[in-house]
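Chemist: Sharing start.pdb, PDB, C-alpha atoms:
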```pdb
ATOM      1  CA  MET A1061      73.386 129.159  70.556  1.00  0.00           C
ATOM      2  CA  GLY A1062      73.259 130.012  74.209  1.00  0.00           C
ATOM      3  CA  SER A1063      71.262 127.743  76.426  1.00  0.00           C
ATOM      4  CA  LEU A1064      68.752 128.642  79.088  1.00  0.00           C
ATOM      5  CA  ALA A1065      71.316 127.485  81.664  1.00  0.00           C
ATOM      6  CA  GLU A1066      73.837 129.968  80.256  1.00  0.00           C
ATOM      7  CA  PHE A1067      71.148 132.665  80.405  1.00  0.00           C
ATOM      8  CA  ASP A1068      70.427 131.758  84.020  1.00  0.00           C
ATOM      9  CA  ASP A1069      74.174 131.906  84.787  1.00  0.00           C
ATOM     10  CA  LEU A1070      74.335 135.327  83.137  1.00  0.00           C
ATOM     11  CA  ALA A1071      71.336 136.470  85.171  1.00  0.00           C
ATOM     12  CA  VAL A1072      72.867 135.226  88.411  1.00  0.00           C
ATOM     13  CA  GLN A1073      76.110 137.045  87.599  1.00  0.00           C
ATOM     14  CA  SER A1074      74.182 140.267  86.998  1.00  0.00           C
ATOM     15  CA  GLU A1075      71.931 139.852  90.025  1.00  0.00           C
ATOM     16  CA  ASP A1076      68.190 139.424  89.550  1.00  0.00           C
ATOM     17  CA  LEU A1077      66.381 139.244  86.242  1.00  0.00           C
ATOM     18  CA  GLY A1078      64.421 142.358  85.411  1.00  0.00           C
ATOM     19  CA  ALA A1079      60.799 142.171  84.314  1.00  0.00           C
ATOM     20  CA  GLN A1080      61.761 142.395  80.651  1.00  0.00           C
ATOM     21  CA  GLU A1081      64.238 139.509  80.888  1.00  0.00           C
ATOM     22  CA  GLN A1082      61.716 137.417  82.814  1.00  0.00           C
ATOM     23  CA  ALA A1083      59.182 137.998  80.032  1.00  0.00           C
ATOM     24  CA  VAL A1084      61.780 137.086  77.398  1.00  0.00           C
ATOM     25  CA  MET A1085      62.653 133.863  79.234  1.00  0.00           C
ATOM     26  CA  ALA A1086      58.992 132.929  79.611  1.00  0.00           C
ATOM     27  CA  ARG A1087      58.253 133.585  75.951  1.00  0.00           C
ATOM     28  CA  LEU A1088      61.444 132.398  74.228  1.00  0.00           C
ATOM     29  CA  SER A1089      63.177 129.829  76.451  1.00  0.00           C
ATOM     30  CA  ASP A1090      62.076 126.954  74.221  1.00  0.00           C
ATOM     31  CA  ALA A1091      62.647 128.741  70.903  1.00  0.00           C
ATOM     32  CA  GLY A1092      66.253 127.611  70.426  1.00  0.00           C
ATOM     33  CA  LEU A1093      67.541 131.185  70.440  1.00  0.00           C
ATOM     34  CA  ASP A1094      70.804 132.523  71.843  1.00  0.00           C
ATOM     35  CA  LEU A1095      69.415 134.075  75.025  1.00  0.00           C
ATOM     36  CA  PRO A1096      72.780 135.254  76.428  1.00  0.00           C
ATOM     37  CA  ALA A1097      73.439 137.159  73.165  1.00  0.00           C
ATOM     38  CA  MET A1098      69.943 138.621  73.367  1.00  0.00           C
ATOM     39  CA  ALA A1099      70.537 139.608  77.001  1.00  0.00           C
ATOM     40  CA  LEU A1100      73.806 141.329  76.067  1.00  0.00           C
ATOM     41  CA  ALA A1101      72.314 143.340  73.196  1.00  0.00           C
ATOM     42  CA  SER A1102      69.135 144.168  75.088  1.00  0.00           C
ATOM     43  CA  ASN A1103      70.944 145.352  78.196  1.00  0.00           C
ATOM     44  CA  VAL A1104      73.418 147.480  76.215  1.00  0.00           C
ATOM     45  CA  PHE A1105      70.480 149.204  74.502  1.00  0.00           C
ATOM     46  CA  ARG A1106      68.534 149.576  77.741  1.00  0.00           C
ATOM     47  CA  ALA A1107      71.538 150.986  79.608  1.00  0.00           C
ATOM     48  CA  ALA A1108      72.328 153.446  76.814  1.00  0.00           C
ATOM     49  CA  THR A1109      68.712 154.607  76.687  1.00  0.00           C
ATOM     50  CA  ALA A1110      68.510 155.020  80.466  1.00  0.00           C
ATOM     51  CA  MET A1111      71.812 156.928  80.540  1.00  0.00           C
ATOM     52  CA  ARG A1112      70.752 159.210  77.699  1.00  0.00           C
ATOM     53  CA  ARG A1113      67.409 159.900  79.384  1.00  0.00           C
ATOM     54  CA  ARG A1114      69.141 160.782  82.644  1.00  0.00           C
ATOM     55  CA  LEU A1115      71.634 163.074  80.901  1.00  0.00           C
ATOM     56  CA  GLU A1116      68.837 164.820  78.997  1.00  0.00           C
ATOM     57  CA  GLN A1117      66.752 165.317  82.132  1.00  0.00           C
ATOM     58  CA  ALA A1118      69.507 166.226  84.560  1.00  0.00           C
ATOM     59  CA  ALA A1119      72.126 168.008  82.468  1.00  0.00           C
ATOM     60  CA  LEU A1120      70.404 169.290  79.325  1.00  0.00           C
ATOM     61  CA  ARG A1121      66.887 170.160  80.467  1.00  0.00           C
ATOM     62  CA  ASP A1122      67.613 173.842  81.159  1.00  0.00           C
ATOM     63  CA  THR A1123      69.841 174.355  78.104  1.00  0.00           C
ATOM     64  CA  ASP A1124      67.139 174.281  75.415  1.00  0.00           C
ATOM     65  CA  LEU A1125      69.317 171.773  73.549  1.00  0.00           C
ATOM     66  CA  SER A1126      68.191 168.487  72.091  1.00  0.00           C
ATOM     67  CA  TRP A1127      70.419 165.456  72.550  1.00  0.00           C
ATOM     68  CA  THR A1128      71.510 165.760  68.928  1.00  0.00           C
ATOM     69  CA  ALA A1129      72.264 169.488  69.210  1.00  0.00           C
ATOM     70  CA  PHE A1130      74.385 168.777  72.281  1.00  0.00           C
ATOM     71  CA  LYS A1131      76.290 166.051  70.398  1.00  0.00           C
ATOM     72  CA  VAL A1132      76.944 168.417  67.485  1.00  0.00           C
ATOM     73  CA  LEU A1133      78.263 171.111  69.827  1.00  0.00           C
ATOM     74  CA  TRP A1134      80.411 168.533  71.619  1.00  0.00           C
ATOM     75  CA  VAL A1135      81.875 167.198  68.344  1.00  0.00           C
ATOM     76  CA  LEU A1136      82.776 170.718  67.238  1.00  0.00           C
ATOM     77  CA  TRP A1137      84.189 171.543  70.667  1.00  0.00           C
ATOM     78  CA  ILE A1138      86.431 168.484  70.637  1.00  0.00           C
ATOM     79  CA  TRP A1139      87.460 168.471  66.961  1.00  0.00           C
ATOM     80  CA  GLY A1140      87.143 172.122  65.968  1.00  0.00           C
ATOM     81  CA  GLU A1141      85.785 173.216  62.612  1.00  0.00           C
ATOM     82  CA  ARG A1142      84.907 170.228  60.454  1.00  0.00           C
ATOM     83  CA  GLU A1143      83.095 169.352  57.261  1.00  0.00           C
ATOM     84  CA  THR A1144      79.464 168.442  57.748  1.00  0.00           C
ATOM     85  CA  ARG A1145      80.004 164.832  56.677  1.00  0.00           C
ATOM     86  CA  PHE A1146      82.542 164.385  59.501  1.00  0.00           C
ATOM     87  CA  VAL A1147      80.219 166.017  62.041  1.00  0.00           C
ATOM     88  CA  ALA A1148      77.320 163.783  60.947  1.00  0.00           C
ATOM     89  CA  VAL A1149      79.412 160.634  61.401  1.00  0.00           C
ATOM     90  CA  GLU A1150      80.827 161.694  64.780  1.00  0.00           C
ATOM     91  CA  ALA A1151      77.414 162.832  66.072  1.00  0.00           C
ATOM     92  CA  ASP A1152      75.886 159.604  64.698  1.00  0.00           C
ATOM     93  CA  VAL A1153      73.179 161.340  62.677  1.00  0.00           C
ATOM     94  CA  THR A1154      72.227 161.477  59.030  1.00  0.00           C
ATOM     95  CA  LYS A1155      73.326 164.460  56.952  1.00  0.00           C
ATOM     96  CA  GLY A1156      69.652 165.453  56.679  1.00  0.00           C
ATOM     97  CA  THR A1157      69.241 165.480  60.449  1.00  0.00           C
ATOM     98  CA  LEU A1158      72.496 167.374  60.813  1.00  0.00           C
ATOM     99  CA  THR A1159      71.297 170.056  58.388  1.00  0.00           C
ATOM    100  CA  GLY A1160      68.224 170.744  60.525  1.00  0.00           C
ATOM    101  CA  VAL A1161      70.210 170.787  63.765  1.00  0.00           C
ATOM    102  CA  VAL A1162      72.888 173.076  62.311  1.00  0.00           C
ATOM    103  CA  ASP A1163      70.137 175.389  60.967  1.00  0.00           C
ATOM    104  CA  THR A1164      68.725 175.694  64.496  1.00  0.00           C
ATOM    105  CA  LEU A1165      72.125 176.157  66.131  1.00  0.00           C
ATOM    106  CA  GLU A1166      73.100 178.730  63.504  1.00  0.00           C
ATOM    107  CA  ARG A1167      69.893 180.743  64.122  1.00  0.00           C
ATOM    108  CA  ARG A1168      70.757 180.698  67.843  1.00  0.00           C
ATOM    109  CA  GLY A1169      74.263 181.962  67.085  1.00  0.00           C
ATOM    110  CA  MET A1170      75.996 178.810  68.353  1.00  0.00           C
ATOM    111  CA  VAL A1171      77.609 177.674  65.089  1.00  0.00           C
ATOM    112  CA  ALA A1172      78.628 179.159  61.755  1.00  0.00           C
ATOM    113  CA  ARG A1173      78.832 177.519  58.339  1.00  0.00           C
ATOM    114  CA  ARG A1174      81.590 178.139  55.830  1.00  0.00           C
ATOM    115  CA  ARG A1175      81.730 177.009  52.198  1.00  0.00           C
ATOM    116  CA  HIS A1176      85.087 175.726  50.987  1.00  0.00           C
ATOM    117  CA  ALA A1177      86.852 177.973  48.510  1.00  0.00           C
ATOM    118  CA  ASP A1178      87.991 175.063  46.313  1.00  0.00           C
ATOM    119  CA  ASP A1179      84.715 173.136  46.288  1.00  0.00           C
ATOM    120  CA  ARG A1180      81.611 175.178  47.088  1.00  0.00           C
ATOM    121  CA  ARG A1181      79.611 171.965  47.616  1.00  0.00           C
ATOM    122  CA  LEU A1182      81.601 171.252  50.783  1.00  0.00           C
ATOM    123  CA  VAL A1183      80.479 173.005  53.937  1.00  0.00           C
ATOM    124  CA  SER A1184      82.307 173.219  57.251  1.00  0.00           C
ATOM    125  CA  VAL A1185      80.736 174.024  60.592  1.00  0.00           C
ATOM    126  CA  ALA A1186      82.458 175.700  63.535  1.00  0.00           C
ATOM    127  CA  LEU A1187      81.460 176.817  66.989  1.00  0.00           C
ATOM    128  CA  THR A1188      80.995 180.532  67.487  1.00  0.00           C
ATOM    129  CA  ASP A1189      82.193 182.191  70.672  1.00  0.00           C
ATOM    130  CA  ASP A1190      78.631 181.823  72.051  1.00  0.00           C
ATOM    131  CA  GLY A1191      78.603 178.133  71.112  1.00  0.00           C
ATOM    132  CA  THR A1192      81.941 177.585  72.809  1.00  0.00           C
ATOM    133  CA  SER A1193      80.746 179.412  75.923  1.00  0.00           C
ATOM    134  CA  LEU A1194      77.576 177.317  76.022  1.00  0.00           C
ATOM    135  CA  ILE A1195      79.268 173.921  75.715  1.00  0.00           C
ATOM    136  CA  GLU A1196      81.959 174.920  78.210  1.00  0.00           C
ATOM    137  CA  SER A1197      79.325 176.067  80.688  1.00  0.00           C
ATOM    138  CA  ILE A1198      77.117 172.962  80.482  1.00  0.00           C
ATOM    139  CA  PHE A1199      79.719 170.232  80.137  1.00  0.00           C
ATOM    140  CA  PRO A1200      80.752 170.161  83.824  1.00  0.00           C
ATOM    141  CA  ALA A1201      77.136 169.357  84.837  1.00  0.00           C
ATOM    142  CA  PHE A1202      76.948 166.773  82.058  1.00  0.00           C
ATOM    143  CA  ASN A1203      80.162 165.153  83.260  1.00  0.00           C
ATOM    144  CA  ALA A1204      78.954 165.197  86.873  1.00  0.00           C
ATOM    145  CA  GLN A1205      75.984 163.108  85.754  1.00  0.00           C
ATOM    146  CA  GLU A1206      78.324 160.772  83.878  1.00  0.00           C
ATOM    147  CA  ARG A1207      80.330 160.355  87.080  1.00  0.00           C
ATOM    148  CA  ALA A1208      77.201 159.713  89.152  1.00  0.00           C
ATOM    149  CA  MET A1209      76.173 156.952  86.761  1.00  0.00           C
ATOM    150  CA  ALA A1210      79.666 155.440  86.680  1.00  0.00           C
ATOM    151  CA  ASP A1211      79.745 155.474  90.478  1.00  0.00           C
ATOM    152  CA  LEU A1212      76.830 153.027  90.467  1.00  0.00           C
ATOM    153  CA  LEU A1213      79.407 150.385  89.528  1.00  0.00           C
ATOM    154  CA  HIS A1214      82.506 149.270  91.398  1.00  0.00           C
ATOM    155  CA  PRO A1215      85.668 150.736  89.769  1.00  0.00           C
ATOM    156  CA  ALA A1216      86.795 147.273  88.647  1.00  0.00           C
ATOM    157  CA  ASP A1217      83.406 146.718  86.993  1.00  0.00           C
ATOM    158  CA  GLN A1218      83.643 150.131  85.332  1.00  0.00           C
ATOM    159  CA  HIS A1219      87.028 149.259  83.819  1.00  0.00           C
ATOM    160  CA  ALA A1220      85.882 145.816  82.684  1.00  0.00           C
ATOM    161  CA  LEU A1221      82.744 147.267  81.099  1.00  0.00           C
ATOM    162  CA  VAL A1222      84.693 149.998  79.288  1.00  0.00           C
ATOM    163  CA  ARG A1223      87.229 147.466  77.977  1.00  0.00           C
ATOM    164  CA  GLY A1224      84.492 145.117  76.793  1.00  0.00           C
ATOM    165  CA  LEU A1225      82.467 147.867  75.143  1.00  0.00           C
ATOM    166  CA  ARG A1226      85.573 149.257  73.405  1.00  0.00           C
ATOM    167  CA  ARG A1227      86.316 145.798  71.987  1.00  0.00           C
ATOM    168  CA  LEU A1228      82.710 145.438  70.858  1.00  0.00           C
ATOM    169  CA  VAL A1229      82.657 148.877  69.194  1.00  0.00           C
ATOM    170  CA  ALA A1230      86.028 148.266  67.542  1.00  0.00           C
ATOM    171  CA  SER A1231      84.850 144.914  66.182  1.00  0.00           C
ATOM    172  CA  LEU A1232      81.628 146.389  64.846  1.00  0.00           C
ATOM    173  CA  THR A1233      83.249 149.456  63.286  1.00  0.00           C
ATOM    174  CA  ASP A1234      86.610 148.075  62.155  1.00  0.00           C
ATOM    175  CA  GLU A1235      88.436 150.397  64.537  1.00  0.00           C
ATOM    176  CA  GLU A1236      91.504 149.381  66.444  1.00  0.00           C
ATOM    177  CA  PRO A1237      90.643 148.545  70.070  1.00  0.00           C
ATOM    178  CA  ARG A1238      92.168 150.943  72.568  1.00  0.00           C
TER     179      ARG A1238
END
```
Represent the structure from my file as structure tokens, please.

Modeler:
Amino acid sequence: MGSLAEFDDLAVQSEDLGAQEQAVMARLSDAGLDLPAMALASNVFRAATAMRRRLEQAALRDTDLSWTAFKVLWVLWIWGERETRFVAVEADVTKGTLTGVVDTLERRGMVARRRHADDRRLVSVALTDDGTSLIESIFPAFNAQERAMADLLHPADQHALVRGLRRLVASLTDEEPR
């Protein structure tokens, strides 16, 4: 378990404690919990939520796309036509959620479904020309926001964070670290 001293060292390394971490320390410092582990998990979640919120507000607001719809378009743009189970995994949504999102995107003419000839239970999804045009038109603004957020960190910190997060993801998903 991490000690309060280790938590304080972590806080000093990452500048000042935020209000949430101060409240956690006040409430749980004597509970015998691993506060550095809690700080790591909490800050990863908080950073991801803040980044998603900024991307939704700055890059997706005028597109009439939800975060999930954007992810589905992006997955299809990167990978091309794929079975729905693959798209659900890559977009990190359930198959039920994917069905609703694909229904909406299909009504808007952004994607098309295709049943497999050999197994009619299997369905693939592909971008239409309109879907491709949309993702290609909005991705530069999306990436500009990604760059603006990355620029908040020194390049060495960016690289260290990416390496650490890749190792964490690989360990949690049994992928090979890159």

Chemist: Measuring between only C-alpha atoms, which one of A:Ala1129, A:Leu1115, A:Ala1201, A:Ala1230 shows the shortest distance to Arg1168 in chain A?

Modeler: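 For Arg1168 in chain A, the nearest of the candidates is A:Ala1129.
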
Chemist: Let me have the centre and edge lengths of the axis-aligned box enclosing all listed atoms of range 1161-1173 of chain A with 3 Å padding on every side, in Å to one decimal, as JSON.

Modeler:
```
{"center_x": 73.8, "center_y": 176.4, "center_z": 63.3, "size_x": 16.1, "size_y": 17.2, "size_z": 16.0}
```

Chemist: Taking all atoms listed in the file into account, name the residue in A:Arg1087, A:Arg1167, A:Arg1207, A:Arg1180 that is nearest to Met1111 in chain A.

Modeler: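 Distance minimum relative to Met1111 in chain A lands on A:Arg1207.
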
Chemist: Between CA of Val1183 in chain A and CA of Glu1143 in chain A, measure the distance and give it in Å to one decimal.

Modeler: 5.6 Å

Chemist: Got a sec: who's within 12 Å of Gln1117 in chain A, counting all atoms listed in the file, leaving out chain neighbours fewer than 5 positions off, as a list in words?

Modeler: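 So the residues in contact are Ala1110, Met1111, Arg1112, Asp1122, Thr1123, Asp1124, Leu1125, Ser1126, Trp1127, Ala1201, Phe1202 and Gln1205 of chain A.
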
Chemist: Tell me, in Å to one decimal, how far CA of Phe1199 in chain A is from CA of Thr1128 in chain A.

Modeler: 14.6 Å

Chemist: Between CA of Glu1081 in chain A and CA of Ala1099 in chain A, what is the distance in Å, rounded to a tenth?

Modeler: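 Going from CA of Glu1081 in chain A over to CA of Ala1099 in chain A covers 7.4 Å.
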
Chemist: Would you please work out which residue, of A:Ala1118, A:Trp1134, A:Ile1195, A:Gln1080, is nearest to Ser1102 in chain A when using all atoms listed in the file?

Modeler: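 The shortest atom-to-atom distance to Ser1102 in chain A comes from A:Gln1080.
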
Chemist: For Ile1138 in chain A, which of A:Ala1172, A:Met1098, A:Ala1119, A:Leu1187 is the closest residue, counting all atoms listed in the file?

Modeler: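 Closest residue, counting all atoms listed in the file: A:Leu1187.
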
Chemist: Here is a test: counting only C-alpha atoms, which residue of A:Arg1106, A:Arg1181, A:His1176, A:Arg1227 is nearest to Arg1142 in chain A?

Modeler: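 Distance minimum relative to Arg1142 in chain A lands on A:His1176.
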
Chemist: Please write as number ranges by chain the list of polymer residues whose atoms come within 8 Å of (82.3, 162.0, 67.7), counting all atoms listed in the file and keeping to the coordinates of the file.

Modeler: A: 1131, 1134-1135, 1147, 1149-1152

Chemist: Find, counting all atoms listed in the file, the residue in A:Gly1092, A:Ala1107, A:Trp1137, A:Val1084 that gets nearest to Glu1196 in chain A.

Modeler: A:Trp1137

Chemist: The PyMOL selection byres ((chain A and resi 1185) around 12) on the file shown: which residues, as a PDB file with C-alpha atoms, in the frame of the given file?

Modeler:
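expr.pdb, freshly written:
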```pdb
ATOM      1  CA  VAL A1132      76.944 168.417  67.485  1.00  0.00           C
ATOM      2  CA  LEU A1133      78.263 171.111  69.827  1.00  0.00           C
ATOM      3  CA  VAL A1135      81.875 167.198  68.344  1.00  0.00           C
ATOM      4  CA  LEU A1136      82.776 170.718  67.238  1.00  0.00           C
ATOM      5  CA  TRP A1137      84.189 171.543  70.667  1.00  0.00           C
ATOM      6  CA  TRP A1139      87.460 168.471  66.961  1.00  0.00           C
ATOM      7  CA  GLY A1140      87.143 172.122  65.968  1.00  0.00           C
ATOM      8  CA  GLU A1141      85.785 173.216  62.612  1.00  0.00           C
ATOM      9  CA  ARG A1142      84.907 170.228  60.454  1.00  0.00           C
ATOM     10  CA  GLU A1143      83.095 169.352  57.261  1.00  0.00           C
ATOM     11  CA  THR A1144      79.464 168.442  57.748  1.00  0.00           C
ATOM     12  CA  ARG A1145      80.004 164.832  56.677  1.00  0.00           C
ATOM     13  CA  PHE A1146      82.542 164.385  59.501  1.00  0.00           C
ATOM     14  CA  VAL A1147      80.219 166.017  62.041  1.00  0.00           C
ATOM     15  CA  ALA A1148      77.320 163.783  60.947  1.00  0.00           C
ATOM     16  CA  LEU A1158      72.496 167.374  60.813  1.00  0.00           C
ATOM     17  CA  THR A1159      71.297 170.056  58.388  1.00  0.00           C
ATOM     18  CA  VAL A1161      70.210 170.787  63.765  1.00  0.00           C
ATOM     19  CA  VAL A1162      72.888 173.076  62.311  1.00  0.00           C
ATOM     20  CA  ASP A1163      70.137 175.389  60.967  1.00  0.00           C
ATOM     21  CA  LEU A1165      72.125 176.157  66.131  1.00  0.00           C
ATOM     22  CA  GLU A1166      73.100 178.730  63.504  1.00  0.00           C
ATOM     23  CA  MET A1170      75.996 178.810  68.353  1.00  0.00           C
ATOM     24  CA  VAL A1171      77.609 177.674  65.089  1.00  0.00           C
ATOM     25  CA  ALA A1172      78.628 179.159  61.755  1.00  0.00           C
ATOM     26  CA  ARG A1173      78.832 177.519  58.339  1.00  0.00           C
ATOM     27  CA  ARG A1174      81.590 178.139  55.830  1.00  0.00           C
ATOM     28  CA  ARG A1175      81.730 177.009  52.198  1.00  0.00           C
ATOM     29  CA  HIS A1176      85.087 175.726  50.987  1.00  0.00           C
ATOM     30  CA  LEU A1182      81.601 171.252  50.783  1.00  0.00           C
ATOM     31  CA  VAL A1183      80.479 173.005  53.937  1.00  0.00           C
ATOM     32  CA  SER A1184      82.307 173.219  57.251  1.00  0.00           C
ATOM     33  CA  ALA A1186      82.458 175.700  63.535  1.00  0.00           C
ATOM     34  CA  LEU A1187      81.460 176.817  66.989  1.00  0.00           C
ATOM     35  CA  THR A1188      80.995 180.532  67.487  1.00  0.00           C
ATOM     36  CA  GLY A1191      78.603 178.133  71.112  1.00  0.00           C
TER      37      GLY A1191
END
```
